[in-house]
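> Dropping in final-v8.pdb, which is PDB, C-alpha atoms:
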```pdb
ATOM      1  CA  GLN A   1       0.386  -9.290 -17.084
ATOM      2  CA  ILE A   2       0.678  -5.884 -15.417
ATOM      3  CA  CYS A   3       3.676  -5.903 -13.037
ATOM      4  CA  ALA A   4       7.051  -7.639 -13.172
ATOM      5  CA  SER A   5       8.554 -10.048 -10.685
ATOM      6  CA  GLU A   6      11.422  -9.000  -8.418
ATOM      7  CA  SER A   7      14.289 -11.352  -7.582
ATOM      8  CA  LEU A   8      17.187 -10.357  -5.353
ATOM      9  CA  PHE A   9      20.478 -12.029  -6.203
ATOM     10  CA  GLU A  10      23.833 -12.252  -4.438
ATOM     11  CA  ILE A  11      27.053 -13.609  -5.916
ATOM     12  CA  THR A  12      29.997 -14.289  -3.599
ATOM     13  CA  ILE A  13      33.423 -14.628  -5.219
ATOM     14  CA  GLN A  14      36.268 -16.143  -3.205
ATOM     15  CA  GLY A  15      39.766 -15.570  -4.610
ATOM     16  CA  GLN A  16      43.128 -14.829  -3.041
ATOM     17  CA  GLY A  17      43.952 -11.379  -1.706
ATOM     18  CA  GLY A  18      47.390  -9.864  -1.678
ATOM     19  CA  HIS A  19      49.483  -6.719  -1.864
ATOM     20  CA  ALA A  20      48.608  -4.256  -4.612
ATOM     21  CA  SER A  21      52.219  -4.288  -5.774
ATOM     22  CA  MET A  22      52.142  -8.055  -6.467
ATOM     23  CA  PRO A  23      48.820  -8.873  -8.188
ATOM     24  CA  HIS A  24      50.290 -11.959  -9.856
ATOM     25  CA  VAL A  25      50.667 -13.724  -6.505
ATOM     26  CA  GLY A  26      46.941 -13.910  -5.751
ATOM     27  CA  VAL A  27      43.661 -13.720  -7.623
ATOM     28  CA  ASP A  28      42.188 -10.228  -7.588
ATOM     29  CA  VAL A  29      38.427 -10.607  -7.197
ATOM     30  CA  ILE A  30      37.736  -7.046  -8.320
ATOM     31  CA  THR A  31      38.880  -7.982 -11.817
ATOM     32  CA  VAL A  32      36.839 -11.187 -11.706
ATOM     33  CA  GLY A  33      33.813  -9.387 -10.328
ATOM     34  CA  ALA A  34      33.990  -6.636 -12.924
ATOM     35  CA  GLU A  35      34.075  -9.235 -15.698
ATOM     36  CA  MET A  36      31.077 -10.946 -14.119
ATOM     37  CA  VAL A  37      29.098  -7.685 -13.889
ATOM     38  CA  LEU A  38      29.557  -7.062 -17.610
ATOM     39  CA  ALA A  39      28.818 -10.672 -18.541
ATOM     40  CA  LEU A  40      25.530 -10.578 -16.609
ATOM     41  CA  GLN A  41      24.302  -7.811 -18.915
ATOM     42  CA  THR A  42      24.323 -10.260 -21.826
ATOM     43  CA  ILE A  43      21.393 -12.113 -20.222
ATOM     44  CA  VAL A  44      18.995  -9.380 -21.303
ATOM     45  CA  SER A  45      20.825  -8.195 -24.414
ATOM     46  CA  ARG A  46      21.698 -11.577 -25.932
ATOM     47  CA  LYS A  47      19.943 -14.461 -24.169
ATOM     48  CA  LEU A  48      16.327 -13.306 -23.854
ATOM     49  CA  ALA A  49      14.002 -12.340 -26.679
ATOM     50  CA  PRO A  50      13.983  -8.667 -27.688
ATOM     51  CA  GLY A  51      11.073  -6.938 -26.025
ATOM     52  CA  ALA A  52      10.995  -9.344 -23.071
ATOM     53  CA  GLY A  53      11.105  -6.377 -20.712
ATOM     54  CA  ALA A  54      13.526  -8.102 -18.324
ATOM     55  CA  VAL A  55      16.056  -6.183 -16.239
ATOM     56  CA  VAL A  56      19.244  -7.391 -14.522
ATOM     57  CA  SER A  57      20.862  -4.713 -12.346
ATOM     58  CA  VAL A  58      23.979  -5.139 -10.187
ATOM     59  CA  THR A  59      23.461  -2.592  -7.414
ATOM     60  CA  GLU A  60      26.295  -3.331  -4.968
ATOM     61  CA  PHE A  61      29.953  -4.391  -5.353
ATOM     62  CA  LEU A  62      31.475  -5.105  -1.937
ATOM     63  CA  THR A  63      35.034  -6.295  -1.219
ATOM     64  CA  ASP A  64      37.391  -6.769   1.720
ATOM     65  CA  GLY A  65      40.217  -4.832   0.041
ATOM     66  CA  GLN A  66      42.060  -1.758   1.267
ATOM     67  CA  ARG A  67      43.916   1.094  -0.438
ATOM     68  CA  ASN A  68      47.000  -1.033  -1.056
ATOM     69  CA  VAL A  69      45.508  -4.491  -0.508
ATOM     70  CA  LEU A  70      43.870  -6.493  -3.271
ATOM     71  CA  PRO A  71      40.658  -8.126  -2.001
ATOM     72  CA  GLY A  72      40.247 -11.858  -1.627
ATOM     73  CA  GLN A  73      36.471 -11.766  -1.467
ATOM     74  CA  ALA A  74      33.840  -9.838  -3.403
ATOM     75  CA  ILE A  75      30.068  -9.823  -3.131
ATOM     76  CA  LEU A  76      27.852  -8.677  -5.973
ATOM     77  CA  LYS A  77      24.271  -7.846  -5.064
ATOM     78  CA  GLY A  78      21.479  -6.909  -7.392
ATOM     79  CA  ASP A  79      17.931  -6.958  -8.582
ATOM     80  CA  ALA A  80      16.336  -8.831 -11.501
ATOM     81  CA  ARG A  81      12.919  -8.162 -13.025
ATOM     82  CA  ALA A  82      10.879 -10.278 -15.433
ATOM     83  CA  ARG A  83       7.429 -10.053 -16.985
ATOM     84  CA  LEU A  84       6.992 -13.794 -17.451
ATOM     85  CA  PRO A  85       7.753 -16.729 -15.121
ATOM     86  CA  GLU A  86       9.747 -18.514 -17.837
ATOM     87  CA  ASP A  87      11.976 -15.452 -18.327
ATOM     88  CA  ARG A  88      12.560 -15.246 -14.577
ATOM     89  CA  LYS A  89      13.649 -18.883 -14.512
ATOM     90  CA  ASP A  90      15.909 -18.322 -17.532
ATOM     91  CA  ILE A  91      17.539 -15.327 -15.845
ATOM     92  CA  GLU A  92      18.430 -17.444 -12.827
ATOM     93  CA  ARG A  93      19.736 -20.272 -15.002
ATOM     94  CA  PHE A  94      21.879 -17.976 -17.141
ATOM     95  CA  MET A  95      23.142 -16.106 -14.073
ATOM     96  CA  ARG A  96      24.366 -19.307 -12.440
ATOM     97  CA  GLN A  97      25.893 -20.423 -15.724
ATOM     98  CA  ILE A  98      27.758 -17.146 -16.249
ATOM     99  CA  ALA A  99      28.990 -16.960 -12.660
ATOM    100  CA  ALA A 100      30.296 -20.524 -12.765
ATOM    101  CA  GLY A 101      31.950 -19.960 -16.148
ATOM    102  CA  VAL A 102      33.764 -16.761 -15.177
ATOM    103  CA  ALA A 103      34.815 -18.308 -11.862
ATOM    104  CA  ALA A 104      36.217 -21.375 -13.612
ATOM    105  CA  THR A 105      38.149 -19.166 -16.036
ATOM    106  CA  HIS A 106      39.951 -17.440 -13.164
ATOM    107  CA  GLY A 107      40.195 -20.354 -10.748
ATOM    108  CA  VAL A 108      38.042 -18.881  -7.995
ATOM    109  CA  ALA A 109      35.104 -20.207  -5.981
ATOM    110  CA  VAL A 110      31.644 -18.702  -6.451
ATOM    111  CA  GLU A 111      28.251 -18.990  -4.758
ATOM    112  CA  VAL A 112      24.999 -17.652  -6.189
ATOM    113  CA  SER A 113      21.721 -17.025  -4.387
ATOM    114  CA  PHE A 114      18.588 -16.001  -6.301
ATOM    115  CA  ASP A 115      15.586 -15.155  -4.145
ATOM    116  CA  THR A 116      12.308 -14.210  -5.831
ATOM    117  CA  VAL A 117      10.557 -11.848  -3.442
ATOM    118  CA  PHE A 118       7.622 -10.993  -5.698
ATOM    119  CA  ILE A 119       6.355 -13.068  -8.601
ATOM    120  CA  GLU A 120       4.771 -11.590 -11.727
ATOM    121  CA  THR A 121       1.395  -9.880 -11.262
ATOM    122  CA  ILE A 122      -0.970 -11.408 -13.815
ATOM    123  CA  ASN A 123      -4.570 -10.223 -13.942
ATOM    124  CA  ALA A 124      -7.362 -12.720 -14.535
ATOM    125  CA  THR A 125      -9.942 -12.028 -17.245
ATOM    126  CA  GLU A 126     -13.174 -11.994 -15.231
ATOM    127  CA  PRO A 127     -12.034  -9.683 -12.374
ATOM    128  CA  THR A 128     -10.424  -7.361 -14.938
ATOM    129  CA  GLU A 129     -13.634  -7.122 -16.930
ATOM    130  CA  ALA A 130     -15.517  -6.336 -13.710
ATOM    131  CA  ALA A 131     -13.103  -3.513 -12.874
ATOM    132  CA  ILE A 132     -13.465  -2.074 -16.379
ATOM    133  CA  ARG A 133     -17.275  -2.184 -16.151
ATOM    134  CA  ALA A 134     -17.212  -0.384 -12.795
ATOM    135  CA  ALA A 135     -14.775   2.248 -14.053
ATOM    136  CA  ARG A 136     -16.865   2.998 -17.137
ATOM    137  CA  ALA A 137     -20.037   3.147 -15.025
ATOM    138  CA  ALA A 138     -18.262   5.736 -12.853
ATOM    139  CA  GLY A 139     -17.435   7.779 -15.959
ATOM    140  CA  LEU A 140     -13.709   7.062 -15.861
ATOM    141  CA  GLU A 141     -11.482   6.664 -18.885
ATOM    142  CA  THR A 142     -10.141   3.112 -19.032
ATOM    143  CA  ILE A 143      -7.106   1.468 -20.589
ATOM    144  CA  PRO A 144      -8.115  -2.222 -20.732
ATOM    145  CA  ASP A 145      -4.811  -3.533 -22.091
ATOM    146  CA  ARG A 146      -1.934  -1.281 -21.077
ATOM    147  CA  ALA A 147       1.735  -2.178 -21.487
ATOM    148  CA  PRO A 148       3.282  -4.157 -18.578
ATOM    149  CA  MET A 149       5.328  -2.212 -16.028
ATOM    150  CA  SER A 150       8.735  -3.153 -14.638
ATOM    151  CA  PHE A 151       7.985  -2.503 -10.971
ATOM    152  CA  SER A 152       6.831  -5.366  -8.752
ATOM    153  CA  GLU A 153       3.769  -5.705  -6.557
ATOM    154  CA  ASP A 154       3.032  -7.923  -3.560
ATOM    155  CA  PHE A 155      -0.552  -8.252  -4.826
ATOM    156  CA  ALA A 156       0.967 -10.852  -7.168
ATOM    157  CA  HIS A 157       0.917 -13.420  -4.359
ATOM    158  CA  PHE A 158      -2.810 -12.834  -3.784
ATOM    159  CA  SER A 159      -3.689 -13.122  -7.481
ATOM    160  CA  ALA A 160      -1.612 -16.300  -7.733
ATOM    161  CA  ALA A 161      -3.811 -17.850  -5.026
ATOM    162  CA  VAL A 162      -7.155 -16.358  -6.121
ATOM    163  CA  PRO A 163      -7.805 -14.866  -9.589
ATOM    164  CA  GLY A 164      -7.811 -11.089  -9.250
ATOM    165  CA  CYS A 165      -7.159  -7.734 -10.888
ATOM    166  CA  PHE A 166      -4.529  -5.223  -9.853
ATOM    167  CA  LEU A 167      -5.467  -1.792 -11.166
ATOM    168  CA  LEU A 168      -4.009   1.709 -11.146
ATOM    169  CA  LEU A 169      -6.092   4.829 -10.547
ATOM    170  CA  GLY A 170      -4.381   7.950 -11.868
ATOM    171  CA  ASN A 171      -4.260  11.021  -9.652
ATOM    172  CA  GLY A 172      -2.857  13.586 -12.099
ATOM    173  CA  ASP A 173       0.207  13.967 -14.284
ATOM    174  CA  MET A 174       1.206  17.522 -13.400
ATOM    175  CA  GLY A 175       3.049  19.020 -10.434
ATOM    176  CA  ARG A 176       3.527  17.090  -7.203
ATOM    177  CA  HIS A 177       0.581  14.783  -7.987
ATOM    178  CA  GLY A 178       2.306  13.482 -11.120
ATOM    179  CA  GLN A 179       5.680  12.481  -9.682
ATOM    180  CA  PRO A 180       7.298   9.128 -10.589
ATOM    181  CA  LEU A 181       7.401   6.071  -8.352
ATOM    182  CA  HIS A 182       8.913   6.669  -4.872
ATOM    183  CA  ALA A 183       9.475  10.397  -5.503
ATOM    184  CA  SER A 184      10.258  12.230  -2.246
ATOM    185  CA  ASP A 185       8.139  15.252  -3.230
ATOM    186  CA  TYR A 186       5.002  13.308  -4.177
ATOM    187  CA  ASP A 187       1.743  14.725  -2.826
ATOM    188  CA  PHE A 188      -1.475  12.709  -2.893
ATOM    189  CA  ASN A 189      -4.293  14.341  -4.816
ATOM    190  CA  ASP A 190      -7.122  14.599  -2.279
ATOM    191  CA  ALA A 191      -9.630  15.228  -5.072
ATOM    192  CA  LEU A 192      -9.189  11.574  -5.992
ATOM    193  CA  LEU A 193     -10.823  10.289  -2.779
ATOM    194  CA  PRO A 194     -14.488  10.493  -3.911
ATOM    195  CA  VAL A 195     -13.517   9.156  -7.354
ATOM    196  CA  GLY A 196     -11.756   6.150  -5.833
ATOM    197  CA  GLY A 197     -14.587   5.578  -3.377
ATOM    198  CA  THR A 198     -17.126   5.559  -6.191
ATOM    199  CA  LEU A 199     -15.025   3.131  -8.221
ATOM    200  CA  TRP A 200     -14.544   0.665  -5.364
ATOM    201  CA  ALA A 201     -18.233   0.790  -4.441
ATOM    202  CA  GLY A 202     -19.035   0.033  -8.075
ATOM    203  CA  ILE A 203     -16.668  -2.940  -8.102
ATOM    204  CA  VAL A 204     -18.280  -4.306  -4.935
ATOM    205  CA  ARG A 205     -21.781  -3.948  -6.425
ATOM    206  CA  ASP A 206     -20.626  -5.657  -9.628
ATOM    207  CA  ARG A 207     -19.124  -8.618  -7.774
ATOM    208  CA  LEU A 208     -21.861  -9.179  -5.180
ATOM    209  CA  PRO A 209     -24.308 -11.961  -5.995
ATOM    210  CA  VAL A 210     -27.680 -10.771  -7.234
TER     211      VAL A 210
END
```
Take the structure in this file and express it as C-alpha cells.

Amino acid sequence: QICASESLFEITIQGQGGHASMPHVGVDVITVGAEMVLALQTIVSRKLAPGAGAVVSVTEFLTDGQRNVLPGQAILKGDARARLPEDRKDIERFMRQIAAGVAATHGVAVEVSFDTVFIETINATEPTEAAIRAARAAGLETIPDRAPMSFSEDFAHFSAAVPGCFLLLGNGDMGRHGQPLHASDYDFNDALLPVGGTLWAGIVRDRLPV
C-alpha cells in the first residue's frame, strides 16, 4: 500500500431557524453541526486502530443564517482518507452512525453522502520488484518498502484493474525542487529528465518478453 483513498462526504442537517433572540423556539443547526464536527473526530481517535493512518477532515461549514437569524439548515463538507479498504468502509459506517445519533438527540433531520473518488493505491509484488530491479540497474537508491502516504492517486483505479506499481522519483529536497505537495513555488528539476528516461527505459526492457 502506497497511497490512501480519498472520500468526499457531505452531511446536511435540517433543523428550525429563528430569531437570534429566541433560540429556544427553533433548533439551531450551528450548535448541532458543531457537536457533529467534534464527534466525527472520534472516528480516528477512538474507533480505528492506532496507527491506521486514517484522516477525517471537515473542511466546510455552510448555513443559511444571518447576523441575527439562527440557521435552519447546515451543510458539513469534508474529506476522509484511509490506507485500507476496510478502514474506509468503517469510516463511512461510523460517520453515518454518529450523524444519525447526534441528529436524533436534537430532533433534526440529517442526510449523509459518502463518495469515494479514489480508492487505495496498492502495489502488486511482481511489478514492484521489476521497478526496483530497473532502478538499481540505473544506479538509483531505492526504498523498497516505504511508509504509506496520506495523499490519494488516480493510478489506484488502474492498479485495481491490472496489477501495477506506482512509484515516486525524487527530484531533490532543497530549494524550489524540494517543495511539498501542491506548493505554488515548486520548480521541476530539469536534471531529472535523463534519470527518469533511463529508469522508464529500464522498466520497459525488464517487462518486455525475451
> Go through A:Ser57, A:Gln16, A:Ser5, A:Thr31 and flag the residue nearest Val44 of chain A, using all atoms listed in the file for the distances.
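Among the listed residues, A:Ser57 lies closest to Val44 of chain A.
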> Can you spell out as a PDB file with C-alpha atoms, in the coordinates of the input the set of residues that the PyMOL selection byres ((chain A and resi 110) around 8) selects in the structure I just provided?

```pdb
ATOM      1  CA  ILE A  11      27.053 -13.609  -5.916  1.00  0.00           C
ATOM      2  CA  THR A  12      29.997 -14.289  -3.599  1.00  0.00           C
ATOM      3  CA  ILE A  13      33.423 -14.628  -5.219  1.00  0.00           C
ATOM      4  CA  GLN A  14      36.268 -16.143  -3.205  1.00  0.00           C
ATOM      5  CA  ALA A  99      28.990 -16.960 -12.660  1.00  0.00           C
ATOM      6  CA  ALA A 100      30.296 -20.524 -12.765  1.00  0.00           C
ATOM      7  CA  ALA A 103      34.815 -18.308 -11.862  1.00  0.00           C
ATOM      8  CA  VAL A 108      38.042 -18.881  -7.995  1.00  0.00           C
ATOM      9  CA  ALA A 109      35.104 -20.207  -5.981  1.00  0.00           C
ATOM     10  CA  GLU A 111      28.251 -18.990  -4.758  1.00  0.00           C
ATOM     11  CA  VAL A 112      24.999 -17.652  -6.189  1.00  0.00           C
TER      12      VAL A 112
END
```
> Taking all atoms listed in the file into account, produce a table as a tab-separated table in which each residue of segment 47-138 of chain A with an atom at most 10 Å from an atom of segment 161-170 of chain A appears once, together with its shortest atom pair and the distance in Å to one decimal, ordered by chain and rising number.

```
residue	atom	partner	partner_atom	distance
A:Thr121	CA	A:Phe166	CA	7.7
A:Ile122	CA	A:Cys165	CA	7.8
A:Asn123	CA	A:Cys165	CA	4.7
A:Ala124	CA	A:Pro163	CA	5.4
A:Thr125	CA	A:Cys165	CA	8.2
A:Glu126	CA	A:Gly164	CA	8.1
A:Pro127	CA	A:Gly164	CA	5.4
A:Thr128	CA	A:Cys165	CA	5.2
A:Glu129	CA	A:Cys165	CA	8.9
A:Ala130	CA	A:Cys165	CA	8.9
A:Ala131	CA	A:Cys165	CA	7.6
A:Ile132	CA	A:Leu167	CA	9.6
A:Ala135	CA	A:Leu169	CA	9.7
```
> Within 9 Å of Leu140 of chain A, counting all atoms listed in the file, which residues qualify if same-chain residues fewer than 5 places away don't, as a list in words?
Ala134, Ala135, Val195 and Leu199 of chain A
> Quick one: pull the distance between atom CA of Asn171 of chain A and atom CA of Asn189 of chain A, Å, one decimal.
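Going from atom CA of Asn171 of chain A over to atom CA of Asn189 of chain A, I get 5.9 Å.
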> Just checking: using all atoms listed in the file, which residue out of A:Ala54, A:Val37, A:Ala156, A:Met174 ends up closest to Asp90 of chain A?
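Nearest to Asp90 of chain A: A:Ala54.
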> Which neighbours of Gly72 of chain A fall inside 9 Å, counting all atoms listed in the file, when residues of the same chain fewer than 5 positions from it are skipped, and could you give them as a ChimeraX atom specification?
/A:13-18,26-30,63-65
> At a cut-off of 7 Å from (7.4, -2.4, -11.6) in the coordinates of the file, what residues are picked up using only C-alpha atoms, written as a ChimeraX atom specification?
/A:3-4,149-152
> Let me see the file: selected residues, C-alpha atoms, as a compact mmCIF listing (two decimals), in the frame of the given file.

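The result, written out as part.txt:
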```
# COMPACT_ATOMS: atom_id res chain seq x y z
CA CYS A 3 3.68 -5.90 -13.04
CA ALA A 4 7.05 -7.64 -13.17
CA MET A 149 5.33 -2.21 -16.03
CA SER A 150 8.74 -3.15 -14.64
CA PHE A 151 7.98 -2.50 -10.97
CA SER A 152 6.83 -5.37 -8.75
```
> For the interface of segment 33-95 of chain A with segment 145-148 of chain A (cut-off 12 Å, counting only C-alpha atoms), please tabulate each contacting residue of segment 33-95 of chain A alongside its nearest pair of atoms and their separation in Å to one decimal, rows sorted by chain and increasing number, as JSON lines.

```
{"residue": "A:Gly51", "atom": "CA", "partner": "A:Pro148", "partner_atom": "CA", "distance": 11.1}
{"residue": "A:Ala52", "atom": "CA", "partner": "A:Pro148", "partner_atom": "CA", "distance": 10.3}
{"residue": "A:Gly53", "atom": "CA", "partner": "A:Pro148", "partner_atom": "CA", "distance": 8.4}
{"residue": "A:Ala54", "atom": "CA", "partner": "A:Pro148", "partner_atom": "CA", "distance": 11.0}
{"residue": "A:Arg81", "atom": "CA", "partner": "A:Pro148", "partner_atom": "CA", "distance": 11.8}
{"residue": "A:Ala82", "atom": "CA", "partner": "A:Pro148", "partner_atom": "CA", "distance": 10.3}
{"residue": "A:Arg83", "atom": "CA", "partner": "A:Pro148", "partner_atom": "CA", "distance": 7.4}
{"residue": "A:Leu84", "atom": "CA", "partner": "A:Pro148", "partner_atom": "CA", "distance": 10.4}
```
> Neighbouring residues of Ser113 of chain A were defined as those with any atom within 12 Å, considering all atoms listed in the file; residues of the same chain fewer than 3 positions away were excluded. Please report them as an mmCIF file with C-alpha atoms, in the coordinates of the input.

```
data_model
loop_
_atom_site.group_PDB
_atom_site.id
_atom_site.type_symbol
_atom_site.label_atom_id
_atom_site.label_comp_id
_atom_site.auth_asym_id
_atom_site.auth_seq_id
_atom_site.Cartn_x
_atom_site.Cartn_y
_atom_site.Cartn_z
ATOM 1 C CA SER A 7 14.289 -11.352 -7.582
ATOM 2 C CA LEU A 8 17.187 -10.357 -5.353
ATOM 3 C CA PHE A 9 20.478 -12.029 -6.203
ATOM 4 C CA GLU A 10 23.833 -12.252 -4.438
ATOM 5 C CA ILE A 11 27.053 -13.609 -5.916
ATOM 6 C CA THR A 12 29.997 -14.289 -3.599
ATOM 7 C CA ILE A 13 33.423 -14.628 -5.219
ATOM 8 C CA ILE A 75 30.068 -9.823 -3.131
ATOM 9 C CA LEU A 76 27.852 -8.677 -5.973
ATOM 10 C CA LYS A 77 24.271 -7.846 -5.064
ATOM 11 C CA GLY A 78 21.479 -6.909 -7.392
ATOM 12 C CA ASP A 79 17.931 -6.958 -8.582
ATOM 13 C CA GLU A 92 18.430 -17.444 -12.827
ATOM 14 C CA ARG A 93 19.736 -20.272 -15.002
ATOM 15 C CA MET A 95 23.142 -16.106 -14.073
ATOM 16 C CA ARG A 96 24.366 -19.307 -12.440
ATOM 17 C CA ALA A 99 28.990 -16.960 -12.660
ATOM 18 C CA VAL A 110 31.644 -18.702 -6.451
ATOM 19 C CA THR A 116 12.308 -14.210 -5.831
#
```
> Can you tell me which residues surround Asp187 of chain A at a distance of at most 9 Å, considering all atoms listed in the file, apart from same-chain residues fewer than 6 positions away, and format the answer as an mmCIF file with C-alpha atoms, in the coordinates of the input?

```cif
data_model
loop_
_atom_site.group_PDB
_atom_site.id
_atom_site.type_symbol
_atom_site.label_atom_id
_atom_site.label_comp_id
_atom_site.auth_asym_id
_atom_site.auth_seq_id
_atom_site.Cartn_x
_atom_site.Cartn_y
_atom_site.Cartn_z
ATOM 1 C CA GLY A 175 3.049 19.020 -10.434
ATOM 2 C CA ARG A 176 3.527 17.090 -7.203
ATOM 3 C CA HIS A 177 0.581 14.783 -7.987
ATOM 4 C CA GLY A 178 2.306 13.482 -11.120
ATOM 5 C CA GLN A 179 5.680 12.481 -9.682
#
```
> As AutoDock Vina command-line options, please report the centre and edge lengths, rounded to one decimal in Å, of the axis-aligned box that holds all listed atoms of segment 47-52 of chain A with 6 Å of padding on each of the six sides.

```
--center_x 15.5 --center_y -10.7 --center_z -25.4 --size_x 20.9 --size_y 19.5 --size_z 16.6
```
> One decimal, Å: what's the distance from atom CA of Met22 of chain A over to atom CA of Leu70 of chain A, could you say?
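Going from atom CA of Met22 of chain A over to atom CA of Leu70 of chain A covers 9.0 Å.
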